[in-house]
Every structure is written in C-alpha cells, then in structure tokens.
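> Quick one: structure below, then a few questions.
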Amino acid sequence: MSLRRKTLILITILLVGLIGVLSVSLSFILLGSFTRLEEEDTQRNVQRVREAMDEEVNNLNEAVTDWADWDDTYNYVQGKNPQFKSINLVESTFTGRKLNFFLIINNQGKQVYGKGFDLKKEEELPIPNSLQQQLKPGKLLINHQNVSDDVRGILLLDQNILIIASQPIVTSENKGPIQGSLIMGRYLNQEKKEQLAKRTKLDLDIFLLEDKNLDENKKRIKKQLEDLTKNHTPNQEPAIITQPLNNDKISGYTLIKDINGEPALLLEITLKRDIYQQGQVSLIYLLGSLLVVSIIFCISTLLLLERLVLLRLSNLSSDVKQVGTNSDLSLRVNVNGQDELTNLGNAINEMLDIIEEGRKIIAEEQEKAEKLLLNILPEAIAHKLKQSHDSIAENFDEVTILFADIVGFTPLSSRLKPIQLVNLLNEIFSAFDTLADKLGLEKIKTIGDAYMVAGGLPIERDDHAEAMAEMALEMQEALVRFRAERGENIQIRIGINTGVVIAGVIGTKKFIYDLWGDAVNVASRMESSGEPGQIQVTESTYLHLKDKYELDQRGTIKVKGKGEMKTYWLLGRKRAKKMSLSC
C-alpha cells in the first residue's frame, strides 16, 4: 500500500472518530446545559406565580387591616356604633374591593355581621355551611392570640377555592383588648386565574388536590410533591417539579398550602420549550460547522502533505532510482539550499510575533474603552448596548431610590473659589461612590450638589431597601468625618422611597442610565421635604426596614403632586440584630 493511501486512510479514520466523539460529547454537554437552563427558567416562572398569588393574599390582608384596626369597627362590635353597618357595609364595599364574603365575629363567637356577595350578578349570596364551620370557637380564623396575630391564605369551600384573611378587631392605634375577628374572602375562580395568567404572562392552571378528575400524570406529580414536602423545614422554599410534556412544551408544578398548613392545591404552568429547542438548533449548527471545518482541514492537510512532504519524497525516490538505474555514481540527489519547512516555520513565527504585538495593543485599547463605558453605564446595560443600538427600557416592580442634597451649599459656593468648590464636591461624592460600590448599589447621577442612587437594578435583589438604609446611614457618618477633618459646617438631607420604576438608556449620543416613574418623584420629594441631618423614608420603604432598623414616625406631610403622605425618620440599626447584606 502506498504512503499516500495510508495517509488518506489514517486521516479519514481520525476524522470520523473525532467527529463521533465530539458529537456525543457536545450533545451531552450542550443539551444538558440547555435542559438545566430550561428547568431553572420553569422553576422561576412557577415561583413568580406563587409570588403573584401571595401578593393577592397580602392585598386582601391589607384590606382587612384597614377595617380591623379602626375605632368605628371596634365600637360596632361592642354595640356602640349602630349606624356603622348602614354607612360602611354597603354593596360598594364588596364591589370596590372585589369581596365575596365579609364577616365580623365577636369574642363570644357570635356573628355580628356576615354577608356573601356574587360579584358577577351583584346580588347577595348565602354564607356556605363549610365556611360557617370554620367560624366555630377554637377555629383558626377567630382564634387570635394577640393584636398582631393574623390568618391569611387559601381555604377550600365545597370544591371552591377561597382567598381569605382574618385579623383581630382592635383600635385605630392597634391596641386591645381584642373585641373579635374581621374576616374577608374572595373566590379564586376562573376569572381570577385568567387575571393571574395575564399578569404573569404564563399559561397556568390550579387544581384541587382532592379532585377525582385529576389525570394519572397529575396524580403522580402530586404524590412526588407531597413526598418532597414531608422532608421540608418550615422556612424552606416549596418543592417544584418540572416535566417536559413533548418536544414543544414543558410544565412546572408545585403545591399550595391552605391556612392550616396542609397541601390543598396543585399549581401547573406550561411553557414553550424555546430554550431546549434553541439548544437543539445550536447543536445542529455546531456539528454542521464542525463537519465542514473537519472536511476542509482534511483536504488541506492532504494537499499540504502532498506538496510539501509526499511530493518531495517522491522526487527523492525518483532521484535515488535514477541513480540506481543508470548505475552512475556521479549522479546526486537534487538538494537546493536550506529546508523549506524551516523557512516556513521562521516566516510563521515572525508573522505570529507581529500579530501578538498587534493583539496586545488592541487589547489594551479595548480595556481602556471598556473601563470608560463601565464608568458611565452599569455592566449589564453596557453589554446590551454593545449587542444592540436600540433604546433600552426595563420595568422593575420594586426598587429603592435615594436622593441626597448638601445643605448649605449655596453659602459655601459664594465663599469658596470655583476650583475649591468642585474639589470639595468631588471629595464628598467620591466617598459616596465608594459606599455605593461597597453595598452593590447603582449610582444614577449627580445634579449640582444633589446625589441619586438606586438599589435593586439593573440586577434585581431582595435586600435593596436594607442596602439603601445602610447607604444613607454611612453617608451621614462619612459627612461627620468630613466636617471633623475639613472644619466645614455641611449637612446632608436624604430622602428614600421604594416602588416601581422604568429604567434604561434612551437616545443615540452621550448615553446615561436613568430612572422614570412616580417612585422616583416621591423619593425626590422625600429629600426636598426632609430636614438637614435627617433621613426621611416613605411608608413603602418603612415596611421593608421596620424589622431591622430604628424608625420614628414623622407623621403625615403634604407632598407636592401626591397630597398627604405618612413618612418616617430612619434613625439607625436595631442593636438587637446584626446586619448582614449580600452585595
């Protein structure tokens, strides 16, 4: 067998083997990675639906709070406010809050007021016997141990799902003694399910665990989830199971417990398998590219071997044969100059040296440009802008915004030279920038002597309000040190608010990452209506901070464009707990 044939067979065998090994490896690794991404995405979407349902429950509980912590209700239960029913317990109470049931039970277990309402027909409904059974003495809904003891969640009534909340009836100052229980409920019917689906933009359904019409697959999922739930601790995340239905769809399942802590509902969401299908497409393209590259490599290698090695060997063999055939010992093998392979190697090495030097220069310049861009925009936004020149706008359901303004800046600017004033501002704001980086917060901008920072974007985080509280407190501490070092009587006024914002980059030149929304305006108002040396926060921020920080209620103030708002002063961290923030 000739050397050419042996070379061709060897390269073909190696090529086929390499493609086979890489195909199996890439299929396992790539599709496995996309499958894991698909499962994680499905689990996140299941969790989103759970959170949306929790929010429905919490909204109902807040409505109950408005009525249960009210002197008028307190007096009505004691029989001191007979006109309460005719004034407040009217049809608009049910339609306005989308209520199906409203009940008031006194301490003796007697139903002072109870009414069911059909929101669709707008007519009164009888209170089901299954709900009446839950109102007997000793039952969870009316057995409140203290003024802050509430019951909220899911309750099953005759194959119907009821979102229910119950709180003790106390005074408007949230003081006792408790005079009874106030209960509100609304059905989780098909219309409410469709609202949840529209809100989460997901295809979802909710099934009763005891529904005899559950198919075998859902019964099996139910059994698996119940087994997983048995081993869960109280604070552990609910178990979620994902299951591909076919090549086009995947489902996610989890259990929802009732007010007694027992599994009652099976939540199912169904998603298109876009991630997995993209993995399959990527794998096909990758394997196709690998095959084409391998064939090109094989042909190129054979041509190079033929021209640079095999042909030279053939010529050398011919020369040797000619010498042997002619029997002329004066003949010599044709060898001219240096070896071409050595020259080629030297040329390649010189070329690589030039390319490497050029790459270093390009990398250094690219790194400078990257650093400059990241100083202007958040890293995630910078990556998006590099991929697309379209405007970027994202909705964030919950972020915390801080505005800070230097008090006494105007008199200071008239006393200092411009360059001294700029250096002073730079020193203060640089210290604030360092704090923002340490706490994982996003500096938005500075306007004159005002400083704006946000938490919870562009990457969402649960502790955005706590991180912002730390930022505000450390800003005050930094200014105390600054006054001591510089001898300048400068104070800072800080305002904080938590809410929904739109964040993004618009325009085509001089990019800036900015925020829009009512939550931003309210945060600015918190700063402008605050006092020097104080940190003023809204009630939405207060609800996030009250367990870990000392806050003092300022009271109700008039806020431009918003009317009257309840605000609080942030005083410091609670000593009983150690703060720990993940930044």
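Identifiers in this document derive from the order of the structure tokens: chains are assigned A, B, ..., residues are numbered from 1 separately in each chain, and ligands are numbered from 1 in order of occurrence.
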Write out as a ChimeraX atom specification the residues lying within 10 Å of segment 151-165 of chain A, counting only C-alpha atoms and excluding same-chain residues fewer than 3 positions away.

/A:53-54,56-65,99-102,128-131,134,140-144,148,168,182-189,206-208,210-211,256-265

> Include N, CA and C atoms and write out the residues we just selected as a short mmCIF file (atom, residue, chain, number, x, y, z; two decimals), in the first residue's frame.


data_model
loop_
_atom_site.label_atom_id
_atom_site.label_comp_id
_atom_site.auth_asym_id
_atom_site.auth_seq_id
_atom_site.Cartn_x
_atom_site.Cartn_y
_atom_site.Cartn_z
N MET A 53 -49.69 35.00 43.64
CA MET A 53 -50.79 34.56 44.50
C MET A 53 -50.60 35.08 45.92
N ASP A 54 -49.34 35.06 46.40
CA ASP A 54 -49.06 35.60 47.74
C ASP A 54 -49.42 37.07 47.80
N GLU A 56 -51.76 38.53 46.07
CA GLU A 56 -53.22 38.61 46.15
C GLU A 56 -53.68 38.44 47.60
N VAL A 57 -53.08 37.44 48.27
CA VAL A 57 -53.43 37.20 49.67
C VAL A 57 -53.06 38.40 50.53
N ASN A 58 -51.85 38.95 50.30
CA ASN A 58 -51.39 40.08 51.10
C ASN A 58 -52.25 41.32 50.86
N ASN A 59 -52.66 41.52 49.61
CA ASN A 59 -53.54 42.67 49.31
C ASN A 59 -54.86 42.56 50.07
N LEU A 60 -55.40 41.32 50.10
CA LEU A 60 -56.64 41.13 50.85
C LEU A 60 -56.40 41.36 52.34
N ASN A 61 -55.25 40.91 52.84
CA ASN A 61 -54.93 41.09 54.25
C ASN A 61 -54.78 42.57 54.59
N GLU A 62 -54.24 43.36 53.67
CA GLU A 62 -54.13 44.80 53.90
C GLU A 62 -55.52 45.44 53.96
N ALA A 63 -56.43 44.94 53.12
CA ALA A 63 -57.80 45.45 53.17
C ALA A 63 -58.44 45.14 54.53
N VAL A 64 -58.18 43.93 55.03
CA VAL A 64 -58.70 43.56 56.34
C VAL A 64 -58.13 44.47 57.42
N THR A 65 -56.83 44.80 57.30
CA THR A 65 -56.18 45.68 58.28
C THR A 65 -56.89 47.03 58.35
N LEU A 99 -64.88 41.63 46.90
CA LEU A 99 -65.08 40.69 48.00
C LEU A 99 -66.30 39.82 47.74
N ASN A 100 -66.16 38.56 48.13
CA ASN A 100 -67.30 37.65 48.10
C ASN A 100 -67.89 37.44 49.50
N PHE A 101 -67.07 37.64 50.54
CA PHE A 101 -67.55 37.44 51.90
C PHE A 101 -66.97 38.52 52.81
N PHE A 102 -67.79 38.98 53.75
CA PHE A 102 -67.36 39.95 54.76
C PHE A 102 -68.06 39.53 56.06
N PRO A 128 -71.73 29.87 52.89
CA PRO A 128 -71.72 28.40 52.85
C PRO A 128 -71.55 27.80 54.24
N ASN A 129 -72.12 26.63 54.42
CA ASN A 129 -72.01 25.93 55.69
C ASN A 129 -70.56 25.56 55.98
N SER A 130 -69.79 25.26 54.91
CA SER A 130 -68.38 24.89 55.10
C SER A 130 -67.59 26.05 55.68
N LEU A 131 -67.99 27.31 55.33
CA LEU A 131 -67.32 28.47 55.91
C LEU A 131 -67.81 28.70 57.34
N GLN A 134 -65.89 26.92 59.90
CA GLN A 134 -64.58 27.47 60.25
C GLN A 134 -64.68 28.63 61.24
N LEU A 140 -59.16 28.33 63.69
CA LEU A 140 -58.02 29.20 63.42
C LEU A 140 -58.44 30.62 63.03
N LEU A 141 -59.53 30.77 62.27
CA LEU A 141 -59.90 32.08 61.75
C LEU A 141 -60.31 33.06 62.84
N ILE A 142 -60.79 32.58 63.97
CA ILE A 142 -61.26 33.50 65.02
C ILE A 142 -60.48 33.34 66.31
N ASN A 143 -59.42 32.57 66.27
CA ASN A 143 -58.62 32.30 67.49
C ASN A 143 -57.34 33.12 67.45
N HIS A 144 -57.47 34.45 67.59
CA HIS A 144 -56.31 35.34 67.55
C HIS A 144 -55.71 35.47 68.95
N SER A 148 -51.42 41.42 66.87
CA SER A 148 -50.73 41.31 65.58
C SER A 148 -50.90 39.94 64.94
N PRO A 168 -57.58 40.32 64.16
CA PRO A 168 -58.32 40.71 65.37
C PRO A 168 -58.81 42.16 65.27
N LEU A 182 -62.33 40.09 62.22
CA LEU A 182 -62.90 40.59 60.98
C LEU A 182 -62.32 39.75 59.84
N ILE A 183 -63.21 39.20 59.03
CA ILE A 183 -62.81 38.24 58.00
C ILE A 183 -63.30 38.70 56.64
N MET A 184 -62.41 38.65 55.64
CA MET A 184 -62.78 38.93 54.25
C MET A 184 -62.34 37.76 53.38
N GLY A 185 -63.11 37.51 52.33
CA GLY A 185 -62.75 36.42 51.42
C GLY A 185 -63.20 36.72 50.00
N ARG A 186 -62.41 36.23 49.05
CA ARG A 186 -62.79 36.34 47.64
C ARG A 186 -62.46 35.02 46.95
N TYR A 187 -63.32 34.58 46.06
CA TYR A 187 -63.11 33.31 45.37
C TYR A 187 -61.97 33.41 44.36
N LEU A 188 -61.16 32.36 44.35
CA LEU A 188 -60.14 32.21 43.31
C LEU A 188 -60.80 31.43 42.18
N ASN A 189 -61.64 32.14 41.40
CA ASN A 189 -62.40 31.50 40.34
C ASN A 189 -61.64 31.56 39.01
N ILE A 206 -54.87 25.82 38.14
CA ILE A 206 -54.82 25.43 39.54
C ILE A 206 -55.86 24.33 39.76
N PHE A 207 -55.43 23.22 40.40
CA PHE A 207 -56.30 22.08 40.61
C PHE A 207 -56.41 21.77 42.10
N LEU A 208 -57.57 21.30 42.50
CA LEU A 208 -57.76 20.80 43.86
C LEU A 208 -57.05 19.46 43.99
N GLU A 210 -57.74 17.09 45.92
CA GLU A 210 -58.71 16.01 46.11
C GLU A 210 -59.66 15.84 44.92
N ASP A 211 -59.34 16.55 43.84
CA ASP A 211 -60.18 16.43 42.64
C ASP A 211 -60.05 15.03 42.05
N ILE A 256 -49.66 24.26 46.84
CA ILE A 256 -50.02 25.45 47.61
C ILE A 256 -50.79 25.00 48.84
N LYS A 257 -50.33 25.45 50.01
CA LYS A 257 -50.93 25.03 51.26
C LYS A 257 -52.10 25.94 51.63
N ASP A 258 -53.02 25.38 52.45
CA ASP A 258 -54.13 26.20 52.92
C ASP A 258 -53.74 26.89 54.23
N ILE A 259 -54.69 27.57 54.86
CA ILE A 259 -54.37 28.34 56.07
C ILE A 259 -53.93 27.44 57.22
N ASN A 260 -54.25 26.16 57.15
CA ASN A 260 -53.83 25.22 58.20
C ASN A 260 -52.47 24.60 57.92
N GLY A 261 -51.84 25.02 56.85
CA GLY A 261 -50.52 24.49 56.52
C GLY A 261 -50.55 23.16 55.81
N GLU A 262 -51.71 22.73 55.35
CA GLU A 262 -51.83 21.45 54.65
C GLU A 262 -51.91 21.68 53.14
N PRO A 263 -51.22 20.83 52.34
CA PRO A 263 -51.30 20.98 50.88
C PRO A 263 -52.76 20.89 50.41
N ALA A 264 -53.15 21.88 49.59
CA ALA A 264 -54.55 21.94 49.15
C ALA A 264 -54.69 22.05 47.64
N LEU A 265 -53.73 22.71 46.99
CA LEU A 265 -53.85 22.98 45.56
C LEU A 265 -52.61 22.53 44.82
#

> Among segment 62-238 of chain A, which ones does DSSP place in strand (DSSP E or B), written as a VMD selection string?

chain A and resid 69 101 to 106 111 to 118 123 to 125 151 to 157 160 to 168 170 180 to 187 203 to 208

> Keeping only C-alpha atoms, write the selected residues as an mmCIF file, in the first residue's frame.


data_model
loop_
_atom_site.group_PDB
_atom_site.id
_atom_site.type_symbol
_atom_site.label_atom_id
_atom_site.label_comp_id
_atom_site.auth_asym_id
_atom_site.auth_seq_id
_atom_site.Cartn_x
_atom_site.Cartn_y
_atom_site.Cartn_z
ATOM 1 C CA ASP A 69 -57.663 48.382 63.045
ATOM 2 C CA PHE A 101 -67.551 37.444 51.904
ATOM 3 C CA PHE A 102 -67.365 39.950 54.760
ATOM 4 C CA LEU A 103 -67.822 38.696 58.341
ATOM 5 C CA ILE A 104 -67.469 40.199 61.809
ATOM 6 C CA ILE A 105 -67.354 37.777 64.747
ATOM 7 C CA ASN A 106 -67.283 38.917 68.384
ATOM 8 C CA GLN A 111 -71.643 36.531 64.053
ATOM 9 C CA VAL A 112 -72.227 40.284 64.446
ATOM 10 C CA TYR A 113 -72.262 40.756 60.691
ATOM 11 C CA GLY A 114 -71.978 38.320 57.816
ATOM 12 C CA LYS A 115 -72.710 38.634 54.157
ATOM 13 C CA GLY A 116 -71.847 36.834 50.935
ATOM 14 C CA PHE A 117 -71.926 38.616 47.592
ATOM 15 C CA ASP A 118 -71.937 37.419 43.971
ATOM 16 C CA GLU A 123 -76.537 40.036 44.448
ATOM 17 C CA GLU A 124 -76.307 38.614 47.958
ATOM 18 C CA LEU A 125 -75.100 35.037 48.480
ATOM 19 C CA VAL A 151 -54.552 34.474 59.423
ATOM 20 C CA ARG A 152 -54.259 34.643 55.647
ATOM 21 C CA GLY A 153 -54.116 32.193 52.775
ATOM 22 C CA ILE A 154 -56.233 29.614 50.964
ATOM 23 C CA LEU A 155 -59.373 27.901 52.242
ATOM 24 C CA LEU A 156 -61.307 25.200 50.378
ATOM 25 C CA LEU A 157 -65.097 25.566 50.433
ATOM 26 C CA ASN A 160 -64.291 26.145 45.596
ATOM 27 C CA ILE A 161 -61.039 27.970 46.329
ATOM 28 C CA LEU A 162 -61.321 30.959 48.656
ATOM 29 C CA ILE A 163 -58.618 33.545 49.344
ATOM 30 C CA ILE A 164 -59.259 34.533 52.942
ATOM 31 C CA ALA A 165 -57.777 36.825 55.587
ATOM 32 C CA SER A 166 -58.696 37.318 59.228
ATOM 33 C CA GLN A 167 -57.412 39.809 61.815
ATOM 34 C CA PRO A 168 -58.318 40.712 65.375
ATOM 35 C CA VAL A 170 -58.583 46.437 67.703
ATOM 36 C CA GLY A 180 -63.417 39.842 67.894
ATOM 37 C CA SER A 181 -62.350 38.940 64.360
ATOM 38 C CA LEU A 182 -62.895 40.585 60.977
ATOM 39 C CA ILE A 183 -62.805 38.236 58.001
ATOM 40 C CA MET A 184 -62.776 38.928 54.248
ATOM 41 C CA GLY A 185 -62.755 36.423 51.418
ATOM 42 C CA ARG A 186 -62.794 36.336 47.641
ATOM 43 C CA TYR A 187 -63.112 33.309 45.367
ATOM 44 C CA ASP A 203 -50.284 29.599 30.737
ATOM 45 C CA LEU A 204 -51.329 28.364 34.193
ATOM 46 C CA ASP A 205 -53.996 26.325 35.944
ATOM 47 C CA ILE A 206 -54.824 25.430 39.544
ATOM 48 C CA PHE A 207 -56.298 22.076 40.610
ATOM 49 C CA LEU A 208 -57.756 20.801 43.861
#

> From the list A:Ile269, A:Thr93, A:Leu545, A:Ile9, which residue is nearest Leu196 of chain A when using only C-alpha atoms?

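Checking each candidate against Leu196 of chain A, we get A:Ile269 as the closest.
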
> Do you know which residues are at most 7 Å from segment 461-476 of chain A counting only C-alpha atoms, after dropping those on the same chain fewer than 2 positions away, and could you put them as a list in words?

Val399, Thr400, Phe432, Leu435, Ala436, Leu439, Gly455, Gly456, Ile459, Ala478, Leu479, Val480, Thr541, His544, Leu545, Gly572 and Leu581 of chain A

> Let's have the selection written as a JSON list (two decimals), in the first residue's frame, with C-alpha atoms.


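Done, and the output landed in out30.json:
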[["chain", "number", "residue", "atom", "x", "y", "z"],
["A", 399, "VAL", "CA", -36.52, 49.17, 43.71],
["A", 400, "THR", "CA", -35.39, 51.65, 46.33],
["A", 432, "PHE", "CA", -20.45, 58.29, 48.36],
["A", 435, "LEU", "CA", -20.10, 53.38, 49.62],
["A", 436, "ALA", "CA", -22.37, 52.60, 46.64],
["A", 439, "LEU", "CA", -23.05, 47.97, 49.07],
["A", 455, "GLY", "CA", -30.90, 49.63, 44.67],
["A", 456, "GLY", "CA", -32.41, 46.55, 43.04],
["A", 459, "ILE", "CA", -29.81, 43.28, 38.60],
["A", 478, "ALA", "CA", -18.93, 60.00, 56.13],
["A", 479, "LEU", "CA", -20.17, 63.60, 56.35],
["A", 480, "VAL", "CA", -19.47, 63.66, 60.11],
["A", 541, "THR", "CA", -39.67, 51.72, 52.46],
["A", 544, "HIS", "CA", -39.05, 46.78, 54.36],
["A", 545, "LEU", "CA", -36.93, 48.27, 57.15],
["A", 572, "GLY", "CA", -30.24, 53.75, 62.77],
["A", 581, "LEU", "CA", -26.01, 42.42, 53.47]]

> Could you jot down the atom CA of Pro238 of chain A to atom CA of Thr254 of chain A separation for me, Å, one decimal place?

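These atoms are spaced 7.1 Å apart.
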
> Could you pull out the residues in segment 49-86 of chain A that DSSP calls helix (DSSP H, G or I) from the backbone, as an MDAnalysis selection string?

chainID A and resid 49:68 71:77 84:86

> Selection from above, C-alpha atoms, as a short mmCIF file (atom, residue, chain, number, x, y, z; two decimals), in the first residue's frame, can you write it?


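Result file selection-v1.cif:
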data_model
loop_
_atom_site.label_atom_id
_atom_site.label_comp_id
_atom_site.auth_asym_id
_atom_site.auth_seq_id
_atom_site.Cartn_x
_atom_site.Cartn_y
_atom_site.Cartn_z
CA VAL A 49 -46.93 32.66 40.01
CA ARG A 50 -46.62 31.72 43.70
CA GLU A 51 -45.45 35.24 44.47
CA ALA A 52 -48.35 36.70 42.48
CA MET A 53 -50.79 34.56 44.50
CA ASP A 54 -49.06 35.60 47.74
CA GLU A 55 -49.49 39.19 46.68
CA GLU A 56 -53.22 38.61 46.15
CA VAL A 57 -53.43 37.20 49.67
CA ASN A 58 -51.39 40.08 51.10
CA ASN A 59 -53.54 42.67 49.31
CA LEU A 60 -56.64 41.13 50.85
CA ASN A 61 -54.93 41.09 54.25
CA GLU A 62 -54.13 44.80 53.90
CA ALA A 63 -57.80 45.45 53.17
CA VAL A 64 -58.70 43.56 56.34
CA THR A 65 -56.18 45.68 58.28
CA ASP A 66 -57.93 48.87 57.13
CA TRP A 67 -61.19 47.64 58.72
CA ALA A 68 -59.95 45.63 61.69
CA ASP A 71 -62.21 52.59 66.09
CA ASP A 72 -65.55 52.54 64.21
CA THR A 73 -65.38 48.76 63.76
CA TYR A 74 -64.18 48.36 67.36
CA ASN A 75 -67.21 50.27 68.66
CA TYR A 76 -69.60 48.49 66.28
CA VAL A 77 -68.67 45.05 67.67
CA PHE A 84 -71.74 51.64 61.16
CA LYS A 85 -73.48 48.94 59.11
CA SER A 86 -75.68 51.26 57.06
#

> Hey, can you check how far atom CA of Tyr253 of chain A sits from atom CA of Glu268 of chain A?

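Value for the atom CA of Tyr253 of chain A-atom CA of Glu268 of chain A distance: 4.7 Å.
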
> Please provide the set of residues having any atom within 12 Å of Gln278 of chain A, restricted to only C-alpha atoms, with same-chain residues fewer than 5 positions apart removed, written as a list in words.

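The residues satisfying every condition are Leu30, Leu31, Ser33, Phe34, Thr35, Leu37, Glu38, Asn247, Asp248, Lys272, Arg273, Leu283, Ile284, Tyr285 and Leu286 of chain A.
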
> If you count only C-alpha atoms, which residues fall within 10 Å of Asn395 of chain A, apart from same-chain ones fewer than 5 positions away, as a PDB file with N, CA and C atoms, in the first residue's frame?


ATOM      1  N   LEU A 457     -31.518  47.309  40.903  1.00  0.00           N
ATOM      2  CA  LEU A 457     -31.429  47.336  39.444  1.00  0.00           C
ATOM      3  C   LEU A 457     -29.994  47.671  39.055  1.00  0.00           C
ATOM      4  N   PRO A 458     -29.542  47.369  37.841  1.00  0.00           N
ATOM      5  CA  PRO A 458     -30.284  46.625  36.805  1.00  0.00           C
ATOM      6  C   PRO A 458     -30.401  45.137  37.109  1.00  0.00           C
ATOM      7  N   VAL A 500     -42.139  51.100  42.020  1.00  0.00           N
ATOM      8  CA  VAL A 500     -41.968  50.626  40.639  1.00  0.00           C
ATOM      9  C   VAL A 500     -41.328  51.729  39.800  1.00  0.00           C
ATOM     10  N   VAL A 501     -40.329  51.362  38.983  1.00  0.00           N
ATOM     11  CA  VAL A 501     -39.692  52.332  38.095  1.00  0.00           C
ATOM     12  C   VAL A 501     -39.475  51.726  36.720  1.00  0.00           C
ATOM     13  N   ILE A 502     -39.278  52.603  35.759  1.00  0.00           N
ATOM     14  CA  ILE A 502     -38.780  52.231  34.435  1.00  0.00           C
ATOM     15  C   ILE A 502     -37.345  52.730  34.383  1.00  0.00           C
ATOM     16  N   ALA A 503     -36.418  51.862  33.986  1.00  0.00           N
ATOM     17  CA  ALA A 503     -35.007  52.226  33.926  1.00  0.00           C
ATOM     18  C   ALA A 503     -34.473  51.900  32.545  1.00  0.00           C
ATOM     19  N   GLY A 504     -33.562  52.741  32.058  1.00  0.00           N
ATOM     20  CA  GLY A 504     -32.994  52.428  30.763  1.00  0.00           C
ATOM     21  C   GLY A 504     -32.141  53.543  30.220  1.00  0.00           C
ATOM     22  N   LEU A 515     -33.705  56.765  35.496  1.00  0.00           N
ATOM     23  CA  LEU A 515     -34.928  56.153  36.013  1.00  0.00           C
ATOM     24  C   LEU A 515     -36.102  57.101  35.793  1.00  0.00           C
ATOM     25  N   TRP A 516     -37.291  56.486  35.572  1.00  0.00           N
ATOM     26  CA  TRP A 516     -38.513  57.249  35.425  1.00  0.00           C
ATOM     27  C   TRP A 516     -39.621  56.572  36.230  1.00  0.00           C
ATOM     28  N   GLY A 517     -40.535  57.367  36.676  1.00  0.00           N
ATOM     29  CA  GLY A 517     -41.684  56.789  37.368  1.00  0.00           C
ATOM     30  C   GLY A 517     -42.063  57.601  38.602  1.00  0.00           C
TER      31      GLY A 517
END

> Here is a test: counting only C-alpha atoms, which residue of A:Ile221, A:Leu135, A:Leu571, A:Leu255 is nearest to Tyr542 of chain A?

A:Leu571

> If I take atom CA of Phe94 of chain A and atom CA of Asp150 of chain A, how far is one from the other in Å, to one decimal?

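Separation between atom CA of Phe94 of chain A and atom CA of Asp150 of chain A: 20.9 Å.
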
> Find the residues around Val537 of chain A up to 12 Å (only C-alpha atoms counted), leave out those fewer than 4 positions away in its own chain, and share them as a PyMOL selection string.

chain A and resi 400-403+465+468-469+472+493-499+519+522-531+541-546+549-557+565-571

> What's around Leu412 of chain A at 12 Å? Count only C-alpha atoms, leave out sequence neighbours fewer than 5 positions away in its own chain, and write the answer as a ChimeraX atom specification.

/A:406-407,417-418,420-422,424-425,449,488-491

> Output N, CA and C atoms of each residue in that selection to a file, as an mmCIF file, in the first residue's frame.


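Saved file selection12.cif follows:
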data_model
loop_
_atom_site.group_PDB
_atom_site.id
_atom_site.type_symbol
_atom_site.label_atom_id
_atom_site.label_comp_id
_atom_site.auth_asym_id
_atom_site.auth_seq_id
_atom_site.Cartn_x
_atom_site.Cartn_y
_atom_site.Cartn_z
ATOM 1 N N ILE A 406 -26.877 68.414 49.580
ATOM 2 C CA ILE A 406 -25.994 69.051 50.562
ATOM 3 C C ILE A 406 -26.640 70.350 51.028
ATOM 4 N N VAL A 407 -26.875 70.481 52.317
ATOM 5 C CA VAL A 407 -27.487 71.667 52.907
ATOM 6 C C VAL A 407 -26.395 72.703 53.168
ATOM 7 N N LYS A 417 -13.618 79.455 46.201
ATOM 8 C CA LYS A 417 -13.308 79.598 44.780
ATOM 9 C C LYS A 417 -13.924 78.425 44.021
ATOM 10 N N PRO A 418 -14.216 78.632 42.730
ATOM 11 C CA PRO A 418 -14.842 77.552 41.953
ATOM 12 C C PRO A 418 -14.067 76.246 42.007
ATOM 13 N N GLN A 420 -12.025 75.204 44.297
ATOM 14 C CA GLN A 420 -12.130 74.638 45.646
ATOM 15 C C GLN A 420 -13.493 73.990 45.849
ATOM 16 N N LEU A 421 -14.522 74.639 45.303
ATOM 17 C CA LEU A 421 -15.879 74.104 45.439
ATOM 18 C C LEU A 421 -16.012 72.761 44.708
ATOM 19 N N VAL A 422 -15.449 72.697 43.497
ATOM 20 C CA VAL A 422 -15.503 71.456 42.733
ATOM 21 C C VAL A 422 -14.729 70.350 43.442
ATOM 22 N N LEU A 424 -14.199 70.100 46.590
ATOM 23 C CA LEU A 424 -14.967 69.725 47.777
ATOM 24 C C LEU A 424 -16.086 68.739 47.410
ATOM 25 N N LEU A 425 -16.837 69.090 46.352
ATOM 26 C CA LEU A 425 -17.898 68.189 45.906
ATOM 27 C C LEU A 425 -17.340 66.842 45.475
ATOM 28 N N ASP A 449 -25.319 69.829 43.572
ATOM 29 C CA ASP A 449 -24.950 69.257 44.864
ATOM 30 C C ASP A 449 -25.896 68.143 45.276
ATOM 31 N N GLU A 488 -15.718 72.312 57.829
ATOM 32 C CA GLU A 488 -16.823 72.948 57.117
ATOM 33 C C GLU A 488 -18.148 72.496 57.735
ATOM 34 N N ASN A 489 -19.040 73.446 57.998
ATOM 35 C CA ASN A 489 -20.337 73.118 58.600
ATOM 36 C C ASN A 489 -21.303 72.702 57.487
ATOM 37 N N ILE A 490 -21.186 71.454 57.058
ATOM 38 C CA ILE A 490 -22.017 70.943 55.968
ATOM 39 C C ILE A 490 -22.890 69.813 56.500
ATOM 40 N N GLN A 491 -24.152 69.852 56.138
ATOM 41 C CA GLN A 491 -25.073 68.766 56.483
ATOM 42 C C GLN A 491 -25.696 68.212 55.208
#

> Quick one: of A:Ile169, A:Leu441, A:Ile392, A:Ile250, who's nearest to Val46 of chain A, counting only C-alpha atoms?

A:Ile250
